[in-house]
Structure formats: structure tokens, C-alpha cells
file data_0.pdb (PDB, C-alpha atoms)
MODEL        1
ATOM      1  CA  LEU A   1     110.455 107.325  89.509  1.00  0.00           C
ATOM      2  CA  PRO A   2     106.860 108.133  88.484  1.00  0.00           C
ATOM      3  CA  PHE A   3     105.150 110.104  91.227  1.00  0.00           C
ATOM      4  CA  ASN A   4     102.276 108.387  93.016  1.00  0.00           C
ATOM      5  CA  PHE A   5      99.893 111.260  93.791  1.00  0.00           C
ATOM      6  CA  GLN A   6      97.314 109.335  95.819  1.00  0.00           C
ATOM      7  CA  LEU A   7      98.076 111.114  99.104  1.00  0.00           C
ATOM      8  CA  ILE A   8      97.625 114.457  97.342  1.00  0.00           C
ATOM      9  CA  LEU A   9      94.395 113.646  95.535  1.00  0.00           C
ATOM     10  CA  LEU A  10      92.569 111.537  98.142  1.00  0.00           C
ATOM     11  CA  PRO A  11      90.255 113.110 100.714  1.00  0.00           C
ATOM     12  CA  TRP A  12      92.014 113.323 104.068  1.00  0.00           C
ATOM     13  CA  ASP A  13      90.034 110.454 105.543  1.00  0.00           C
ATOM     14  CA  ALA A  14      91.569 107.577 107.491  1.00  0.00           C
ATOM     15  CA  GLN A  15      89.630 104.827 105.761  1.00  0.00           C
ATOM     16  CA  ALA A  16      90.030 106.281 102.268  1.00  0.00           C
ATOM     17  CA  VAL A  17      93.781 106.508 102.785  1.00  0.00           C
ATOM     18  CA  ARG A  18      94.021 103.036 104.303  1.00  0.00           C
ATOM     19  CA  ASN A  19      92.046 101.462 101.456  1.00  0.00           C
ATOM     20  CA  ALA A  20      94.220 103.178  98.866  1.00  0.00           C
ATOM     21  CA  VAL A  21      97.476 102.177 100.561  1.00  0.00           C
ATOM     22  CA  ASP A  22      96.316  98.569 100.950  1.00  0.00           C
ATOM     23  CA  ALA A  23      95.212  98.354  97.301  1.00  0.00           C
ATOM     24  CA  TYR A  24      98.405  99.930  95.987  1.00  0.00           C
ATOM     25  CA  ASP A  25     100.651  97.717  98.092  1.00  0.00           C
ATOM     26  CA  ALA A  26      98.727  94.593  97.079  1.00  0.00           C
ATOM     27  CA  ILE A  27      99.072  95.068  93.311  1.00  0.00           C
ATOM     28  CA  LEU A  28     102.804  95.767  93.269  1.00  0.00           C
ATOM     29  CA  PRO A  29     104.751  92.910  91.665  1.00  0.00           C
ATOM     30  CA  ALA A  30     107.458  91.157  93.650  1.00  0.00           C
ATOM     31  CA  GLY A  31     110.517  93.327  94.044  1.00  0.00           C
ATOM     32  CA  ALA A  32     108.694  96.533  93.064  1.00  0.00           C
ATOM     33  CA  TRP A  33     109.236  99.591  95.227  1.00  0.00           C
ATOM     34  CA  PRO A  34     106.349 101.980  96.014  1.00  0.00           C
ATOM     35  CA  ASN A  35     106.608 105.734  96.356  1.00  0.00           C
ATOM     36  CA  TRP A  36     104.489 108.367  98.074  1.00  0.00           C
ATOM     37  CA  VAL A  37     104.168 112.085  97.401  1.00  0.00           C
ATOM     38  CA  LEU A  38     102.610 114.388  99.987  1.00  0.00           C
ATOM     39  CA  GLY A  39     103.130 117.727  98.243  1.00  0.00           C
ATOM     40  CA  ASN A  40     104.595 119.407  95.179  1.00  0.00           C
ATOM     41  CA  HIS A  41     104.738 122.743  93.371  1.00  0.00           C
ATOM     42  CA  ASP A  42     101.373 122.239  91.629  1.00  0.00           C
ATOM     43  CA  GLN A  43      99.269 121.458  94.717  1.00  0.00           C
ATOM     44  CA  HIS A  44      98.175 123.346  97.812  1.00  0.00           C
ATOM     45  CA  ARG A  45     100.581 122.870 100.678  1.00  0.00           C
ATOM     46  CA  VAL A  46     100.000 119.978 103.054  1.00  0.00           C
ATOM     47  CA  ALA A  47      99.195 122.188 106.055  1.00  0.00           C
ATOM     48  CA  THR A  48      96.640 124.040 103.915  1.00  0.00           C
ATOM     49  CA  ARG A  49      95.053 120.896 102.452  1.00  0.00           C
ATOM     50  CA  VAL A  50      94.694 118.858 105.639  1.00  0.00           C
ATOM     51  CA  GLY A  51      94.833 121.712 108.175  1.00  0.00           C
ATOM     52  CA  SER A  52      97.714 122.773 110.387  1.00  0.00           C
ATOM     53  CA  ALA A  53      96.567 120.464 113.204  1.00  0.00           C
ATOM     54  CA  GLN A  54      96.882 117.394 110.950  1.00  0.00           C
ATOM     55  CA  ALA A  55     100.106 118.364 109.166  1.00  0.00           C
ATOM     56  CA  ARG A  56     102.361 116.397 111.534  1.00  0.00           C
ATOM     57  CA  VAL A  57     100.147 113.317 111.198  1.00  0.00           C
ATOM     58  CA  ALA A  58     100.388 113.607 107.420  1.00  0.00           C
ATOM     59  CA  ASN A  59     104.172 113.808 107.538  1.00  0.00           C
ATOM     60  CA  MET A  60     104.358 110.834 109.917  1.00  0.00           C
ATOM     61  CA  LEU A  61     102.284 108.858 107.430  1.00  0.00           C
ATOM     62  CA  LEU A  62     104.583 109.849 104.561  1.00  0.00           C
ATOM     63  CA  LEU A  63     107.758 108.858 106.410  1.00  0.00           C
ATOM     64  CA  THR A  64     106.514 105.539 107.803  1.00  0.00           C
ATOM     65  CA  LEU A  65     104.800 103.984 104.774  1.00  0.00           C
ATOM     66  CA  ARG A  66     106.732 101.430 102.761  1.00  0.00           C
ATOM     67  CA  GLY A  67     108.521 103.085  99.864  1.00  0.00           C
ATOM     68  CA  ALA A  68     110.274 106.268  98.802  1.00  0.00           C
ATOM     69  CA  PRO A  69     108.806 109.443 100.324  1.00  0.00           C
ATOM     70  CA  THR A  70     108.775 112.828  98.586  1.00  0.00           C
ATOM     71  CA  CYS A  71     108.438 115.988 100.682  1.00  0.00           C
ATOM     72  CA  TYR A  72     108.026 119.430  99.103  1.00  0.00           C
ATOM     73  CA  TYR A  73     110.274 122.190 100.450  1.00  0.00           C
ATOM     74  CA  GLY A  74     108.815 124.042 103.426  1.00  0.00           C
ATOM     75  CA  ASP A  75     106.400 121.268 104.341  1.00  0.00           C
ATOM     76  CA  GLU A  76     108.960 120.148 106.941  1.00  0.00           C
ATOM     77  CA  LEU A  77     108.289 123.519 108.639  1.00  0.00           C
ATOM     78  CA  GLY A  78     104.519 123.383 108.347  1.00  0.00           C
ATOM     79  CA  MET A  79     104.467 126.221 105.792  1.00  0.00           C
ATOM     80  CA  GLU A  80     101.013 127.042 104.437  1.00  0.00           C
ATOM     81  CA  ASN A  81      99.723 128.666 101.265  1.00  0.00           C
ATOM     82  CA  VAL A  82     100.387 132.409 101.085  1.00  0.00           C
ATOM     83  CA  PRO A  83      97.654 134.736  99.768  1.00  0.00           C
ATOM     84  CA  ILE A  84      98.913 136.462  96.615  1.00  0.00           C
ATOM     85  CA  PRO A  85      97.604 139.980  95.823  1.00  0.00           C
ATOM     86  CA  PRO A  86      96.331 140.281  92.219  1.00  0.00           C
ATOM     87  CA  GLU A  87      99.127 142.638  91.243  1.00  0.00           C
ATOM     88  CA  MET A  88     101.748 140.083  92.339  1.00  0.00           C
ATOM     89  CA  VAL A  89     100.363 137.019  90.539  1.00  0.00           C
ATOM     90  CA  LYS A  90     103.046 135.340  88.430  1.00  0.00           C
ATOM     91  CA  ASP A  91     101.703 131.905  87.458  1.00  0.00           C
ATOM     92  CA  PRO A  92     100.645 131.996  83.767  1.00  0.00           C
ATOM     93  CA  PRO A  93      97.296 130.162  84.196  1.00  0.00           C
ATOM     94  CA  ALA A  94      96.315 132.679  86.880  1.00  0.00           C
ATOM     95  CA  VAL A  95      97.597 135.669  84.874  1.00  0.00           C
ATOM     96  CA  ASN A  96      95.644 134.537  81.820  1.00  0.00           C
ATOM     97  CA  GLN A  97      92.465 133.765  83.790  1.00  0.00           C
ATOM     98  CA  PRO A  98      92.280 136.413  86.525  1.00  0.00           C
ATOM     99  CA  GLU A  99      88.635 135.639  87.256  1.00  0.00           C
ATOM    100  CA  VAL A 100      89.617 132.149  88.467  1.00  0.00           C
ATOM    101  CA  ALA A 101      93.170 132.933  89.595  1.00  0.00           C
ATOM    102  CA  HIS A 102      92.345 131.713  93.098  1.00  0.00           C
ATOM    103  CA  ILE A 103      91.504 128.280  91.638  1.00  0.00           C
ATOM    104  CA  VAL A 104      94.096 127.733  88.927  1.00  0.00           C
ATOM    105  CA  GLY A 105      96.942 129.775  90.381  1.00  0.00           C
ATOM    106  CA  ARG A 106      99.881 127.867  91.888  1.00  0.00           C
ATOM    107  CA  ASP A 107     101.748 130.848  93.331  1.00  0.00           C
ATOM    108  CA  PRO A 108     100.421 130.348  96.907  1.00  0.00           C
ATOM    109  CA  GLU A 109     102.485 127.140  97.313  1.00  0.00           C
ATOM    110  CA  ARG A 110     105.556 128.515  95.508  1.00  0.00           C
ATOM    111  CA  THR A 111     106.584 131.301  97.877  1.00  0.00           C
ATOM    112  CA  PRO A 112     110.211 131.607  99.064  1.00  0.00           C
ATOM    113  CA  MET A 113     111.716 129.117 101.484  1.00  0.00           C
ATOM    114  CA  GLN A 114     111.774 130.603 104.974  1.00  0.00           C
ATOM    115  CA  TRP A 115     115.269 130.227 106.428  1.00  0.00           C
ATOM    116  CA  ASP A 116     115.272 132.847 109.206  1.00  0.00           C
ATOM    117  CA  ASP A 117     113.486 135.959 110.483  1.00  0.00           C
ATOM    118  CA  SER A 118     115.580 138.480 108.535  1.00  0.00           C
ATOM    119  CA  ILE A 119     114.243 140.540 105.656  1.00  0.00           C
ATOM    120  CA  HIS A 120     113.297 138.246 102.754  1.00  0.00           C
ATOM    121  CA  ALA A 121     113.462 135.347 105.273  1.00  0.00           C
ATOM    122  CA  GLY A 122     117.098 134.703 104.350  1.00  0.00           C
ATOM    123  CA  PHE A 123     116.017 133.557 100.883  1.00  0.00           C
ATOM    124  CA  ALA A 124     117.609 136.597  99.261  1.00  0.00           C
ATOM    125  CA  ALA A 125     120.179 139.142 100.444  1.00  0.00           C
ATOM    126  CA  ALA A 126     118.813 141.914 102.640  1.00  0.00           C
ATOM    127  CA  ASN A 127     119.839 144.589 100.131  1.00  0.00           C
ATOM    128  CA  SER A 128     118.264 142.808  97.164  1.00  0.00           C
ATOM    129  CA  GLN A 129     114.893 143.513  95.626  1.00  0.00           C
ATOM    130  CA  ASN A 130     111.842 141.738  96.962  1.00  0.00           C
ATOM    131  CA  PRO A 131     111.525 138.053  95.962  1.00  0.00           C
ATOM    132  CA  TRP A 132     109.203 137.286  93.071  1.00  0.00           C
ATOM    133  CA  LEU A 133     106.443 136.253  95.508  1.00  0.00           C
ATOM    134  CA  PRO A 134     105.616 137.567  99.004  1.00  0.00           C
ATOM    135  CA  LEU A 135     106.490 135.844 102.269  1.00  0.00           C
ATOM    136  CA  ALA A 136     103.983 134.359 104.682  1.00  0.00           C
ATOM    137  CA  ALA A 137     102.841 136.730 107.414  1.00  0.00           C
ATOM    138  CA  ASN A 138     104.197 134.323 110.066  1.00  0.00           C
ATOM    139  CA  TYR A 139     107.636 133.792 108.519  1.00  0.00           C
ATOM    140  CA  ARG A 140     109.393 135.198 111.615  1.00  0.00           C
ATOM    141  CA  GLU A 141     108.214 132.136 113.557  1.00  0.00           C
ATOM    142  CA  VAL A 142     107.850 129.582 110.776  1.00  0.00           C
ATOM    143  CA  ASN A 143     111.446 129.392 109.605  1.00  0.00           C
ATOM    144  CA  VAL A 144     114.401 127.024 109.894  1.00  0.00           C
ATOM    145  CA  ALA A 145     116.459 129.083 112.356  1.00  0.00           C
ATOM    146  CA  HIS A 146     113.593 129.666 114.801  1.00  0.00           C
ATOM    147  CA  GLN A 147     112.301 126.100 114.721  1.00  0.00           C
ATOM    148  CA  SER A 148     115.807 124.668 115.071  1.00  0.00           C
ATOM    149  CA  ARG A 149     116.007 126.280 118.511  1.00  0.00           C
ATOM    150  CA  HIS A 150     112.817 124.627 119.780  1.00  0.00           C
ATOM    151  CA  PRO A 151     112.968 120.885 120.532  1.00  0.00           C
ATOM    152  CA  THR A 152     109.255 120.266 119.890  1.00  0.00           C
ATOM    153  CA  SER A 153     108.849 122.444 116.790  1.00  0.00           C
ATOM    154  CA  PHE A 154     107.561 121.102 113.502  1.00  0.00           C
ATOM    155  CA  LEU A 155     111.095 120.976 112.087  1.00  0.00           C
ATOM    156  CA  SER A 156     112.443 119.224 115.192  1.00  0.00           C
ATOM    157  CA  PHE A 157     109.667 116.646 114.873  1.00  0.00           C
ATOM    158  CA  PHE A 158     110.456 116.145 111.178  1.00  0.00           C
ATOM    159  CA  ARG A 159     114.179 115.785 111.839  1.00  0.00           C
ATOM    160  CA  THR A 160     113.600 113.337 114.701  1.00  0.00           C
ATOM    161  CA  LEU A 161     111.305 111.231 112.534  1.00  0.00           C
ATOM    162  CA  THR A 162     113.679 111.183 109.555  1.00  0.00           C
ATOM    163  CA  THR A 163     116.589 110.256 111.839  1.00  0.00           C
ATOM    164  CA  PHE A 164     114.552 107.429 113.347  1.00  0.00           C
ATOM    165  CA  ARG A 165     113.557 106.269 109.866  1.00  0.00           C
ATOM    166  CA  GLN A 166     117.174 106.207 108.691  1.00  0.00           C
ATOM    167  CA  GLY A 167     118.127 104.002 111.634  1.00  0.00           C
ATOM    168  CA  SER A 168     115.151 101.648 111.317  1.00  0.00           C
ATOM    169  CA  ARG A 169     115.315  98.709 108.919  1.00  0.00           C
ATOM    170  CA  ALA A 170     111.616  98.128 109.521  1.00  0.00           C
ATOM    171  CA  LEU A 171     110.824 101.565 108.072  1.00  0.00           C
ATOM    172  CA  THR A 172     113.395 101.599 105.294  1.00  0.00           C
ATOM    173  CA  VAL A 173     113.084  98.075 103.900  1.00  0.00           C
ATOM    174  CA  GLY A 174     110.443  96.331 106.036  1.00  0.00           C
ATOM    175  CA  ASP A 175     107.089  94.894 105.045  1.00  0.00           C
ATOM    176  CA  TYR A 176     103.735  96.653 105.437  1.00  0.00           C
ATOM    177  CA  HIS A 177     100.424  95.387 106.804  1.00  0.00           C
ATOM    178  CA  SER A 178      97.394  97.390 107.905  1.00  0.00           C
ATOM    179  CA  VAL A 179      95.776  96.512 111.230  1.00  0.00           C
ATOM    180  CA  ALA A 180      92.025  96.119 111.691  1.00  0.00           C
ATOM    181  CA  LEU A 181      90.506  97.908 114.676  1.00  0.00           C
ATOM    182  CA  GLN A 182      87.462  96.962 116.698  1.00  0.00           C
ATOM    183  CA  PRO A 183      84.282  98.587 115.285  1.00  0.00           C
ATOM    184  CA  THR A 184      84.306 101.903 117.160  1.00  0.00           C
ATOM    185  CA  ASP A 185      84.793 105.544 116.229  1.00  0.00           C
ATOM    186  CA  ALA A 186      88.518 104.815 116.181  1.00  0.00           C
ATOM    187  CA  GLN A 187      87.990 102.404 113.289  1.00  0.00           C
ATOM    188  CA  THR A 188      86.551 105.299 111.292  1.00  0.00           C
ATOM    189  CA  HIS A 189      89.039 107.967 112.264  1.00  0.00           C
ATOM    190  CA  CYS A 190      92.339 106.112 112.695  1.00  0.00           C
ATOM    191  CA  PHE A 191      94.760 104.368 110.361  1.00  0.00           C
ATOM    192  CA  VAL A 192      96.973 101.766 112.031  1.00  0.00           C
ATOM    193  CA  PHE A 193      99.582  99.621 110.320  1.00  0.00           C
ATOM    194  CA  GLU A 194     102.629  97.495 111.022  1.00  0.00           C
ATOM    195  CA  ARG A 195     106.114  97.717 109.552  1.00  0.00           C
ATOM    196  CA  TRP A 196     108.412  94.819 110.263  1.00  0.00           C
ATOM    197  CA  VAL A 197     111.649  93.114 109.343  1.00  0.00           C
ATOM    198  CA  GLU A 198     113.469  90.332 111.132  1.00  0.00           C
ATOM    199  CA  GLY A 199     114.502  91.708 114.520  1.00  0.00           C
ATOM    200  CA  GLU A 200     112.295  94.827 114.446  1.00  0.00           C
ATOM    201  CA  ARG A 201     108.547  95.360 114.501  1.00  0.00           C
ATOM    202  CA  LEU A 202     106.759  98.716 114.627  1.00  0.00           C
ATOM    203  CA  LEU A 203     103.149  99.812 114.907  1.00  0.00           C
ATOM    204  CA  ILE A 204     102.153 103.161 113.386  1.00  0.00           C
ATOM    205  CA  ALA A 205      98.921 104.625 114.780  1.00  0.00           C
ATOM    206  CA  LEU A 206      97.504 107.803 113.228  1.00  0.00           C
ATOM    207  CA  ASN A 207      94.473 109.761 114.394  1.00  0.00           C
ATOM    208  CA  PHE A 208      92.953 111.707 111.491  1.00  0.00           C
ATOM    209  CA  SER A 209      90.423 113.440 113.737  1.00  0.00           C
ATOM    210  CA  GLY A 210      90.299 116.376 116.120  1.00  0.00           C
ATOM    211  CA  GLN A 211      89.019 114.189 118.972  1.00  0.00           C
ATOM    212  CA  SER A 212      90.863 111.644 121.102  1.00  0.00           C
ATOM    213  CA  GLN A 213      90.318 108.042 119.985  1.00  0.00           C
ATOM    214  CA  ARG A 214      90.454 104.868 122.073  1.00  0.00           C
ATOM    215  CA  LEU A 215      91.980 102.065 120.024  1.00  0.00           C
ATOM    216  CA  SER A 216      91.639  98.314 120.397  1.00  0.00           C
ATOM    217  CA  THR A 217      93.832  96.231 118.096  1.00  0.00           C
ATOM    218  CA  PRO A 218      93.905  92.437 117.723  1.00  0.00           C
ATOM    219  CA  LEU A 219      97.571  92.437 118.746  1.00  0.00           C
ATOM    220  CA  ASP A 220      98.635  90.942 122.058  1.00  0.00           C
ATOM    221  CA  GLY A 221     100.823  92.467 124.716  1.00  0.00           C
ATOM    222  CA  ALA A 222     102.310  95.907 125.035  1.00  0.00           C
ATOM    223  CA  GLY A 223     104.446  98.311 123.055  1.00  0.00           C
ATOM    224  CA  ARG A 224     106.435 101.429 123.822  1.00  0.00           C
ATOM    225  CA  ILE A 225     105.762 104.749 122.149  1.00  0.00           C
ATOM    226  CA  VAL A 226     109.098 105.876 120.716  1.00  0.00           C
ATOM    227  CA  LEU A 227     107.795 108.987 118.948  1.00  0.00           C
ATOM    228  CA  SER A 228     104.601 111.011 119.115  1.00  0.00           C
ATOM    229  CA  THR A 229     103.780 113.841 116.750  1.00  0.00           C
ATOM    230  CA  GLU A 230     103.744 116.092 119.832  1.00  0.00           C
ATOM    231  CA  MET A 231     107.119 114.671 120.961  1.00  0.00           C
ATOM    232  CA  ASP A 232     105.989 114.299 124.568  1.00  0.00           C
ATOM    233  CA  ARG A 233     105.163 110.583 125.028  1.00  0.00           C
ATOM    234  CA  SER A 234     107.368 107.576 125.632  1.00  0.00           C
ATOM    235  CA  GLU A 235     105.201 105.342 127.801  1.00  0.00           C
ATOM    236  CA  VAL A 236     104.296 101.693 127.438  1.00  0.00           C
ATOM    237  CA  VAL A 237     100.773 101.083 126.090  1.00  0.00           C
ATOM    238  CA  GLN A 238      98.598  97.983 125.963  1.00  0.00           C
ATOM    239  CA  LEU A 239      97.868  97.222 122.324  1.00  0.00           C
ATOM    240  CA  ALA A 240      94.357  95.986 123.097  1.00  0.00           C
ATOM    241  CA  ASP A 241      93.394  99.305 124.680  1.00  0.00           C
ATOM    242  CA  PHE A 242      95.246 102.586 124.242  1.00  0.00           C
ATOM    243  CA  THR A 243      94.356 106.151 123.344  1.00  0.00           C
ATOM    244  CA  LEU A 244      95.544 108.580 120.712  1.00  0.00           C
ATOM    245  CA  ARG A 245      94.999 112.215 121.478  1.00  0.00           C
ATOM    246  CA  ALA A 246      93.364 114.549 118.989  1.00  0.00           C
ATOM    247  CA  ASN A 247      95.470 115.001 115.837  1.00  0.00           C
ATOM    248  CA  GLU A 248      98.130 112.630 117.143  1.00  0.00           C
ATOM    249  CA  GLY A 249     100.239 109.992 115.511  1.00  0.00           C
ATOM    250  CA  CYS A 250     102.577 107.559 117.300  1.00  0.00           C
ATOM    251  CA  VAL A 251     105.350 105.189 116.347  1.00  0.00           C
ATOM    252  CA  ILE A 252     105.241 102.232 118.721  1.00  0.00           C
ATOM    253  CA  THR A 253     107.959  99.594 118.979  1.00  0.00           C
ATOM    254  CA  LEU A 254     106.689  96.060 119.661  1.00  0.00           C
TER     255      LEU A 254
ENDMDL
END
call {"tool": "encode", "arguments": {"input": "data_0.pdb", "output": "C-alpha cells"}}
result
Amino acid sequence: LPFNFQLILLPWDAQAVRNAVDAYDAILPAGAWPNWVLGNHDQHRVATRVGSAQARVANMLLLTLRGAPTCYYGDELGMENVPIPPEMVKDPPAVNQPEVAHIVGRDPERTPMQWDDSIHAGFAAANSQNPWLPLAANYREVNVAHQSRHPTSFLSFFRTLTTFRQGSRALTVGDYHSVALQPTDAQTHCFVFERWVEGERLLIALNFSGQSQRLSTPLDGAGRIVLSTEMDRSEVVQLADFTLRANEGCVITL
């Protein structure tokens, strides 16, 4: 499976992403299967690239587009890049070019997985030497054990979304079609698309901005929000006039 790096390399802009997704989907031959990559060991972490406020929106995009999604470890927690002191740099390009280590170095996105709030974050035994790279300063909160206890945490959101995806034929094998919005600010800042298969139809609405956006789609009738990135909405909305809050994405069943 050759990685499709568009979501990594594109500016985090709703229209740029929509145009790229539409173009990619349109040129695939019949029977071809797309793939999407949001992060990997050579790129800044998602929450660092797009900002922590947009990280859930980015993950909702990844897990609702048509095709195989690839998520880099720790991005399901909202982990960010970790500053690496010069004396702890390990990545050869950064070691060999210390004057531009902050540009070419890939250590910040390669720090240990954060499992719990114990010493070494549960990545290594408590009585072992320090891991090869330092932990994030917030690892006592941003870890699997802590987030598993909180129903609206980043990890709980990610698990809920992946579980929904696994049970949805529209998301796993359904078709894709982007939805045009009325010419307003929402058209600039939001990416809305449909996923459908016989018997199931979903609308995915993603707000790439830090302001609330009022959306007007050409679709008739109403839909029910089944998952919000904030995990606190389940109401029925009118498709011709509904609002996404700042940095919010929603999965809406039609």
C-alpha cells in the first residue's frame, strides 16, 4: 500500500483539502481503493501541525474518508511534538547539522508512547534507564490510562469513532461525494461530504476554523448528529440550516 501523503503535506485549509480529496477520488480507476495518512515518524505530529484545537477534526476526517486510514501512534491521544534538548538529539540529520536541527530533526515526533503516569510513562520499566528520548511535559495527563477513565477524552473520542466506523458500511465500503455549501464563510471554512451505501447514508461536516459556522446545504430534510468531536451532541438538525461550533466536526445520519 503506497502511502498517500496529501493530508500531511497540504495546508490545513478546508477548501484545499476538499479539492485534493475530490481530485484524488475522481481519478481512481474502478475497483481501486484509496488510502489516507495523517501522520508518520518523519512528520510533525498532527496536533502540532494543525493545532491541538483542530486535532479531533483532523482525526474525524481521517476516519470518515473513503479508504484505508493510517494513524501514527500517540495521535489517538493528541500527543504533540516534544522539544528535544541539543544534548539529547538522536536523529542523524539533526546530529550532523546541529545548526538546523530544529528543521531537519525528527526526534520531536518520535518520543515514547505514553501509557500511564508512572515514571517513563509505562514505556519502560521504572527501574530502567531513561528512554532514548524525553517524555512530554504533560504525559501525566496525556496518556492511555488517564484518558481511558474520561468519557470525553481524546482517546475516548477516537475509540468511539473507530467503533462507529467498524459498524458502519457507509464508512467502511460506501461511496464518497463532497457537498457544496451556500456561498458564506462556512463555504470557506468547512468541508462537508456524504458517505453512503444502500440502507445507510451519512453526512460528515467539519469546521476547520476557530469560529462557529452556520451551514446551509442543498440537502432536504433533517439528520441526527450521532457523534460530535466534543462528544456532547445528539440532536436533530435541519440540513438547510445548522451550526457547527468552533473546531467541531459532526457525523450526521440521514
call {"tool": "residues_around", "arguments": {"input": "data_0.pdb", "residues": "stretch 14-20 of chain A", "least_positions_apart": "2", "cutoff": "12 Å", "atoms": "all atoms listed in the file", "output": "VMD selection string"}}
result
chain A and resid 4 to 12 22 to 27 36 50 54 57 to 58 61 to 62 65 176 to 181 185 to 193 205 to 209 247
call {"tool": "residues_around", "arguments": {"input": "data_0.pdb", "residues": "stretch 91-107 of chain A", "least_positions_apart": "3", "cutoff": "10 Å", "atoms": "all atoms listed in the file", "output": "ChimeraX atom specification"}}
result
/A:41-44,81-84,86-88,110-111,132-134
call {"tool": "closest_residue", "arguments": {"input": "data_0.pdb", "among": "A:Ala145, A:Val46, A:Ala53, A:Met113", "to": "A:Glu80", "atoms": "only C-alpha atoms"}}
result
A:Val46
call {"tool": "resolve_selection", "arguments": {"input": "data_0.pdb", "expression": "the PyMOL selection byres ((chain A and resi 244) around 9)", "output": "number ranges by chain"}}
result
A: 190, 205-207, 211-215, 242-243, 245-250
call {"tool": "atom_distance", "arguments": {"input": "data_0.pdb", "atom1": "atom CA of A:Leu202", "atom2": "atom CA of A:Thr152"}}
result
22.3 Å
